[in-house]
file final_17.tsv (TSV, C-alpha atoms and all ligand atoms)
chain	number	residue	atom	x	y	z
A	5	MET	CA	-13.89	-13.58	-19.22
A	6	GLU	CA	-12.05	-14.03	-15.95
A	7	ILE	CA	-14.24	-14.50	-12.93
A	8	SER	CA	-12.92	-12.95	-9.78
A	9	SER	CA	-14.08	-14.45	-6.53
A	10	TYR	CA	-12.87	-11.71	-4.20
A	11	ILE	CA	-12.59	-7.95	-4.20
A	12	PHE	CA	-10.07	-6.42	-1.81
A	13	LYS	CA	-9.76	-2.71	-1.18
A	14	ILE	CA	-6.13	-1.61	-0.90
A	15	LEU	CA	-5.39	1.78	0.59
A	16	VAL	CA	-2.25	3.57	-0.61
A	17	LEU	CA	-0.88	6.26	1.71
A	18	GLY	CA	2.21	8.43	1.83
A	19	LYS	CA	3.53	11.96	1.54
A	20	ALA	CA	3.05	13.93	-1.68
A	21	LYS	CA	5.70	12.92	-4.25
A	22	ALA	CA	6.62	9.69	-2.42
A	23	GLY	CA	5.61	7.84	-5.57
A	24	LYS	CA	2.14	6.47	-4.73
A	25	THR	CA	0.63	7.12	-8.15
A	26	SER	CA	3.79	5.90	-9.91
A	27	LEU	CA	3.69	2.65	-7.94
A	28	VAL	CA	0.02	2.04	-8.76
A	29	THR	CA	0.52	3.01	-12.43
A	30	ARG	CA	3.58	0.77	-12.75
A	31	PHE	CA	1.59	-2.13	-11.31
A	32	SER	CA	-1.53	-1.56	-13.40
A	33	THR	CA	-0.01	-0.52	-16.75
A	34	SER	CA	3.74	-1.37	-16.47
A	35	ARG	CA	4.48	2.26	-17.37
A	36	PHE	CA	6.48	4.97	-15.62
A	37	SER	CA	6.82	8.72	-16.14
A	38	ASN	CA	9.44	11.07	-14.68
A	39	VAL	CA	7.00	13.96	-14.93
A	40	TYR	CA	5.25	14.74	-11.67
A	41	SER	CA	1.54	15.31	-11.98
A	42	PRO	CA	-0.21	15.77	-8.61
A	43	THR	CA	-3.14	13.45	-7.95
A	44	LEU	CA	-6.31	15.47	-7.50
A	45	GLY	CA	-8.66	13.86	-5.02
A	46	LEU	CA	-8.52	10.16	-5.65
A	47	ASN	CA	-6.92	7.88	-8.23
A	48	LEU	CA	-9.03	4.73	-8.15
A	49	VAL	CA	-7.59	1.75	-10.01
A	50	SER	CA	-9.06	-1.69	-10.40
A	51	LYS	CA	-6.84	-4.61	-11.37
A	52	ILE	CA	-7.21	-8.38	-11.36
A	53	ILE	CA	-4.32	-10.30	-9.82
A	54	ASN	CA	-3.81	-14.05	-9.68
A	55	VAL	CA	-2.67	-15.45	-6.36
A	56	ASP	CA	-2.67	-19.14	-5.39
A	57	GLU	CA	-4.70	-19.99	-8.51
A	58	ARG	CA	-7.41	-17.55	-7.54
A	59	SER	CA	-8.20	-14.42	-9.42
A	60	ILE	CA	-8.75	-11.45	-7.16
A	61	THR	CA	-9.89	-7.95	-7.98
A	62	LEU	CA	-7.90	-5.26	-6.24
A	63	SER	CA	-9.63	-1.93	-5.81
A	64	ILE	CA	-6.64	0.34	-5.25
A	65	TRP	CA	-7.29	3.71	-3.59
A	66	ASP	CA	-4.42	6.08	-4.31
A	67	THR	CA	-5.06	9.26	-2.39
A	68	GLY	CA	-4.10	12.74	-3.59
A	69	GLY	CA	-2.59	15.48	-1.46
A	70	SER	CA	-5.30	18.02	-1.98
A	71	TRP	CA	-8.02	16.32	-0.04
A	72	ASP	CA	-9.32	17.48	3.27
A	73	TYR	CA	-7.75	14.85	5.46
A	74	GLU	CA	-9.94	15.41	8.52
A	75	LYS	CA	-13.20	15.18	6.62
A	76	LEU	CA	-12.33	12.41	4.20
A	77	THR	CA	-10.21	9.95	6.18
A	78	TYR	CA	-13.21	7.86	7.07
A	79	PHE	CA	-14.32	7.63	3.42
A	80	TYR	CA	-10.85	6.72	2.17
A	81	PHE	CA	-10.05	4.20	4.89
A	82	LYS	CA	-13.44	2.52	5.28
A	83	GLY	CA	-13.50	-1.16	4.29
A	84	SER	CA	-9.79	-1.44	3.44
A	85	SER	CA	-8.48	-5.01	3.53
A	86	GLY	CA	-4.83	-4.00	3.35
A	87	ALA	CA	-2.66	-0.90	3.10
A	88	ILE	CA	0.54	0.15	1.38
A	89	ILE	CA	2.44	3.07	2.88
A	90	VAL	CA	4.86	4.52	0.34
A	91	LEU	CA	8.06	6.23	1.53
A	92	ASP	CA	10.60	7.97	-0.71
A	93	GLN	CA	14.03	6.64	0.27
A	94	ASN	CA	15.65	9.69	-1.31
A	95	ASP	CA	13.84	11.99	1.15
A	96	GLU	CA	15.63	12.69	4.46
A	97	LYS	CA	12.27	13.15	6.17
A	98	ALA	CA	10.69	10.01	4.67
A	99	VAL	CA	9.70	8.46	8.01
A	100	LYS	CA	8.30	11.65	9.53
A	101	ASN	CA	4.61	10.83	9.07
A	102	LEU	CA	4.87	7.05	9.28
A	103	ASP	CA	3.60	6.80	12.85
A	104	GLN	CA	0.63	8.99	11.99
A	105	TYR	CA	-0.34	6.87	8.98
A	106	ILE	CA	-0.20	3.65	10.99
A	107	SER	CA	-2.21	5.13	13.87
A	108	ASP	CA	-4.82	6.39	11.40
A	109	ILE	CA	-5.09	2.92	9.88
A	110	GLU	CA	-5.42	1.42	13.36
A	111	ALA	CA	-8.15	3.90	14.26
A	112	GLN	CA	-10.15	3.62	11.04
A	113	CYS	CA	-9.62	0.00	9.92
A	114	SER	CA	-8.17	-1.75	12.97
A	115	HIS	CA	-5.27	-4.11	12.21
A	116	ILE	CA	-4.93	-5.05	8.51
A	117	PRO	CA	-1.89	-6.34	6.60
A	118	LEU	CA	0.55	-3.51	5.95
A	119	ILE	CA	3.34	-3.08	3.46
A	120	ILE	CA	5.87	-0.31	3.94
A	121	ALA	CA	7.10	0.32	0.39
A	122	ILE	CA	10.49	2.04	0.40
A	123	ASN	CA	10.21	3.49	-3.09
A	124	LYS	CA	12.87	4.99	-5.41
A	125	SER	CA	15.45	2.27	-4.71
A	126	ASP	CA	17.12	3.43	-7.95
A	127	LEU	CA	18.15	6.65	-6.13
A	128	ASP	CA	20.50	7.20	-3.15
A	129	PRO	CA	19.12	6.39	0.29
A	130	ARG	CA	18.89	9.56	2.35
A	131	PHE	CA	16.67	8.65	5.26
A	132	ASP	CA	17.51	7.06	8.60
A	133	ARG	CA	16.90	3.33	8.18
A	134	GLU	CA	17.48	2.64	11.88
A	135	GLN	CA	14.72	5.05	12.81
A	136	LEU	CA	12.42	3.24	10.39
A	137	GLU	CA	13.26	-0.15	11.93
A	138	GLU	CA	12.63	1.23	15.43
A	139	ILE	CA	9.20	2.56	14.47
A	140	ILE	CA	8.21	-0.69	12.77
A	141	ASP	CA	9.48	-2.91	15.60
A	142	ARG	CA	7.35	-0.89	18.00
A	143	TRP	CA	4.20	-1.38	15.88
A	144	ARG	CA	4.94	-5.06	15.29
A	145	GLY	CA	4.86	-5.51	19.06
A	146	HIS	CA	1.08	-5.31	19.10
A	147	TRP	CA	-0.08	-5.35	15.44
A	148	ARG	CA	-2.20	-8.47	14.88
A	149	LYS	CA	-1.45	-8.70	11.14
A	150	SER	CA	1.74	-8.67	9.08
A	151	ILE	CA	3.88	-5.58	8.60
A	152	GLU	CA	6.36	-6.08	5.77
A	153	VAL	CA	9.05	-3.68	4.55
A	154	ILE	CA	9.86	-3.92	0.84
A	155	ASP	CA	12.36	-1.83	-1.13
A	156	CYS	CA	11.05	-1.04	-4.58
A	157	SER	CA	11.32	1.24	-7.56
A	158	SER	CA	8.36	2.35	-9.64
A	159	LYS	CA	10.95	3.49	-12.19
A	160	THR	CA	12.77	0.18	-12.73
A	161	GLY	CA	9.80	-1.93	-11.65
A	162	GLU	CA	11.80	-3.65	-8.89
A	163	ASN	CA	9.48	-5.46	-6.44
A	164	VAL	CA	6.36	-3.63	-7.62
A	165	VAL	CA	4.37	-6.77	-8.44
A	166	GLU	CA	5.69	-8.39	-5.25
A	167	ILE	CA	4.21	-5.60	-3.11
A	168	PHE	CA	0.70	-6.16	-4.46
A	169	THR	CA	1.08	-9.95	-4.52
A	170	ASN	CA	2.29	-10.06	-0.92
A	171	VAL	CA	-0.45	-7.86	0.49
A	172	THR	CA	-3.05	-9.88	-1.43
A	173	THR	CA	-1.60	-13.17	-0.15
A	174	GLU	CA	-1.78	-11.94	3.44
A	175	ILE	CA	-5.40	-10.82	3.06
A	176	LEU	CA	-6.38	-14.02	1.26
A	177	GLU	CA	-4.95	-16.24	4.00
A	178	GLU	CA	-7.05	-14.37	6.50
A	179	VAL	CA	-10.23	-14.60	4.41
A	180	ILE	CA	-9.77	-18.34	3.81
A	181	GLU	CA	-9.23	-18.86	7.55
A	182	GLU	CA	-12.44	-16.96	8.31
A	183	GLU	CA	-14.38	-18.98	5.71
A	184	LYS	CA	-13.20	-22.22	7.31
A	185	PHE	CA	-14.32	-20.90	10.65
A	186	ASP	CA	-17.75	-19.98	9.24
A	187	VAL	CA	-18.18	-23.47	7.76
A	188	ASP	CA	-17.17	-25.09	11.05
A	189	GLU	CA	-19.91	-23.14	12.79
A	190	TYR	CA	-22.55	-24.87	10.67
A	191	ILE	CA	-21.26	-28.41	11.21
A	201	LIG	N1	13.75	7.93	-9.60
A	201	LIG	C1	12.50	7.61	-9.26
A	201	LIG	N2	11.52	8.53	-9.31
A	201	LIG	C2	10.27	8.15	-8.96
A	201	LIG	C3	9.96	6.84	-8.54
A	201	LIG	N3	8.63	6.78	-8.24
A	201	LIG	C4	8.14	8.01	-8.48
A	201	LIG	N4	9.12	8.84	-8.92
A	201	LIG	C5	8.97	10.27	-9.28
A	201	LIG	O1	8.57	10.99	-8.11
A	201	LIG	C6	7.63	12.01	-8.45
A	201	LIG	C7	6.36	11.86	-7.63
A	201	LIG	O2	5.69	10.66	-8.02
A	201	LIG	P1	4.13	10.42	-7.82
A	201	LIG	O3	3.88	9.01	-8.16
A	201	LIG	O4	3.33	11.44	-8.55
A	201	LIG	O5	4.01	10.68	-6.25
A	201	LIG	P2	2.68	10.77	-5.33
A	201	LIG	O6	2.47	12.22	-5.07
A	201	LIG	O7	3.05	10.04	-4.06
A	201	LIG	O8	1.55	10.12	-6.07
A	201	LIG	C8	7.42	11.93	-9.97
A	201	LIG	O9	8.25	12.87	-10.60
A	201	LIG	C9	7.85	10.50	-10.31
A	201	LIG	O10	8.36	10.40	-11.63
A	201	LIG	C10	11.03	5.88	-8.47
A	201	LIG	O11	10.88	4.70	-8.10
A	201	LIG	N5	12.27	6.32	-8.85
A	202	MG	MG	-0.30	10.85	-6.61

call {"tool": "encode", "arguments": {"input": "final_17.tsv", "output": "structure tokens", "more": "lines below"}}
Ligand SMILES: Nc1nc2c(ncn2[C@@H]2O[C@H](COP(=O)(O)OP(=O)(O)O)[C@@H](O)[C@H]2O)c(=O)[nH]1
Ligand SMILES: [Mg+2]
result
Amino acid sequence: MEISSYIFKILVLGKAKAGKTSLVTRFSTSRFSNVYSPTLGLNLVSKIINVDERSITLSIWDTGGSWDYEKLTYFYFKGSSGAIIVLDQNDEKAVKNLDQYISDIEAQCSHIPLIIAINKSDLDPRFDREQLEEIIDRWRGHWRKSIEVIDCSSKTGENVVEIFTNVTTEILEEVIEEEKFDVDEYI
């Protein structure tokens, strides 16, 4: 049996139909379905990933659209070590709620590593990439952790593993740094 030394909670956010569940399913089972089935409440997936010769358990929180945002944000966001915001590149209004998602993360979790996953790279791009870059540059100006933009496709599998590996690597670096600091305090 594999022994996992860390458990990281990863929050997955994005508009309905952006491809959150598809991304998580592709990562956890290597499968994809074209049929849309709305996530009711929460899709909670646990998966072990190996990064830098460590095995880490990811607790992935894929939120559904039907939840009462106001009441449940705290519950969904609490204790997240990293977040993935999924945008559908085939949607003209893909970046519309991006600012809101990042401010909610800032308010509920403070600054944690972020990945902006531009999903559906197998389809035509329809959104304004410049507007996306502007929004991200603005946040990067004061965000204390990494913000990475990765184009991916849950359909073809492009960059799906990379998204989860990269967010885990960022979190792990931070945790190892903190552990060193803790040890130093005792010397
Ligand atoms: N072409 C294409 N379709 C996708 C991709 N990812 C998801 N979809 C489709 O988009 C729809 C919504 O996906 P879903 O994962 O349920 O979105 P969610 O509401 O954000 O969880 C479904 O019909 C999926 O098959 C992708 O990378 N490429
Ligand atoms: Mg879903």

call {"tool": "residues_near_point", "arguments": {"input": "final_17.tsv", "point": "(12.6, 5.5, -10.2)", "cutoff": "7 Å", "atoms": "all atoms listed in the file", "output": "list in words"}}
result
Lys124, Ser125, Asp126, Leu127, Ser157, Ser158, Lys159 and Thr160 of chain A

call {"tool": "residues_near_ligand", "arguments": {"input": "final_17.tsv", "ligand": "ligand MG 202 (chain A)", "cutoff": "6 Å", "atoms": "all atoms listed in the file", "output": "VMD selection string"}}
result
chain A and resid 24 to 25 42 to 43 68

call {"tool": "residues_around", "arguments": {"input": "final_17.tsv", "residues": "Ile64 of chain A", "least_positions_apart": "3", "cutoff": "7 Å", "atoms": "only C-alpha atoms", "output": "JSON, numbers by chain"}}
result
{"A": [13, 14, 15, 48, 49, 50]}

call {"tool": "residues_near_ligand", "arguments": {"input": "final_17.tsv", "ligand": "ligand LIG 201 (chain A)", "cutoff": "10 Å", "atoms": "all atoms listed in the file", "output": "ChimeraX atom specification"}}
result
/A:16-30,36-44,47,66-69,89-94,122-128,155-162,164

call {"tool": "residues_around", "arguments": {"input": "final_17.tsv", "residues": "segment 135-145 of chain A", "least_positions_apart": "3", "cutoff": "10 Å", "atoms": "all atoms listed in the file", "output": "number ranges by chain"}}
result
A: 98-100, 102-103, 106-107, 120, 131-132, 148-153

call {"tool": "write_last_selection", "arguments": {"input": "final_17.tsv", "atoms": "C-alpha atoms", "output": "compact mmCIF listing (two decimals), keeping the file's coordinate frame"}}
result
# COMPACT_ATOMS: atom_id res chain seq x y z
CA ALA A 98 10.69 10.01 4.67
CA VAL A 99 9.70 8.46 8.01
CA LYS A 100 8.30 11.65 9.53
CA LEU A 102 4.87 7.05 9.28
CA ASP A 103 3.60 6.80 12.85
CA ILE A 106 -0.20 3.65 10.99
CA SER A 107 -2.21 5.13 13.87
CA ILE A 120 5.87 -0.31 3.94
CA PHE A 131 16.67 8.65 5.26
CA ASP A 132 17.51 7.06 8.60
CA ARG A 148 -2.20 -8.47 14.88
CA LYS A 149 -1.45 -8.70 11.14
CA SER A 150 1.74 -8.67 9.08
CA ILE A 151 3.88 -5.58 8.60
CA GLU A 152 6.36 -6.08 5.77
CA VAL A 153 9.05 -3.68 4.55

call {"tool": "atom_distance", "arguments": {"input": "final_17.tsv", "atom1": "atom CA of Phe12 of chain A", "atom2": "atom CA of Lys184 of chain A"}}
result
18.5 Å

call {"tool": "axis_aligned_box", "arguments": {"input": "final_17.tsv", "around": "segment 89-96 of chain A", "padding_each_side": "4 Å", "output": "JSON"}}
result
{"center_x": 9.0, "center_y": 7.9, "center_z": 1.6, "size_x": 21.2, "size_y": 17.6, "size_z": 13.8}

call {"tool": "residues_near_point", "arguments": {"input": "final_17.tsv", "point": "(-6.1, -3.5, 16.2)", "cutoff": "9 Å", "atoms": "all atoms listed in the file", "output": "list in words"}}
result
Glu110, Ala111, Cys113, Ser114, His115, Ile116, His146, Trp147, Arg148 and Lys149 of chain A

call {"tool": "atom_distance", "arguments": {"input": "final_17.tsv", "atom1": "atom CA of Asp56 of chain A", "atom2": "atom CA of Thr173 of chain A"}}
result
8.0 Å

call {"tool": "closest_residue", "arguments": {"input": "final_17.tsv", "among": "A:Asp95, A:Ile60, A:Tyr105, A:Val171", "to": "Arg130 of chain A", "atoms": "all atoms listed in the file"}}
result
A:Asp95

call {"tool": "atom_distance", "arguments": {"input": "final_17.tsv", "atom1": "atom CA of Ser9 of chain A", "atom2": "atom CA of Ile180 of chain A"}}
result
11.9 Å
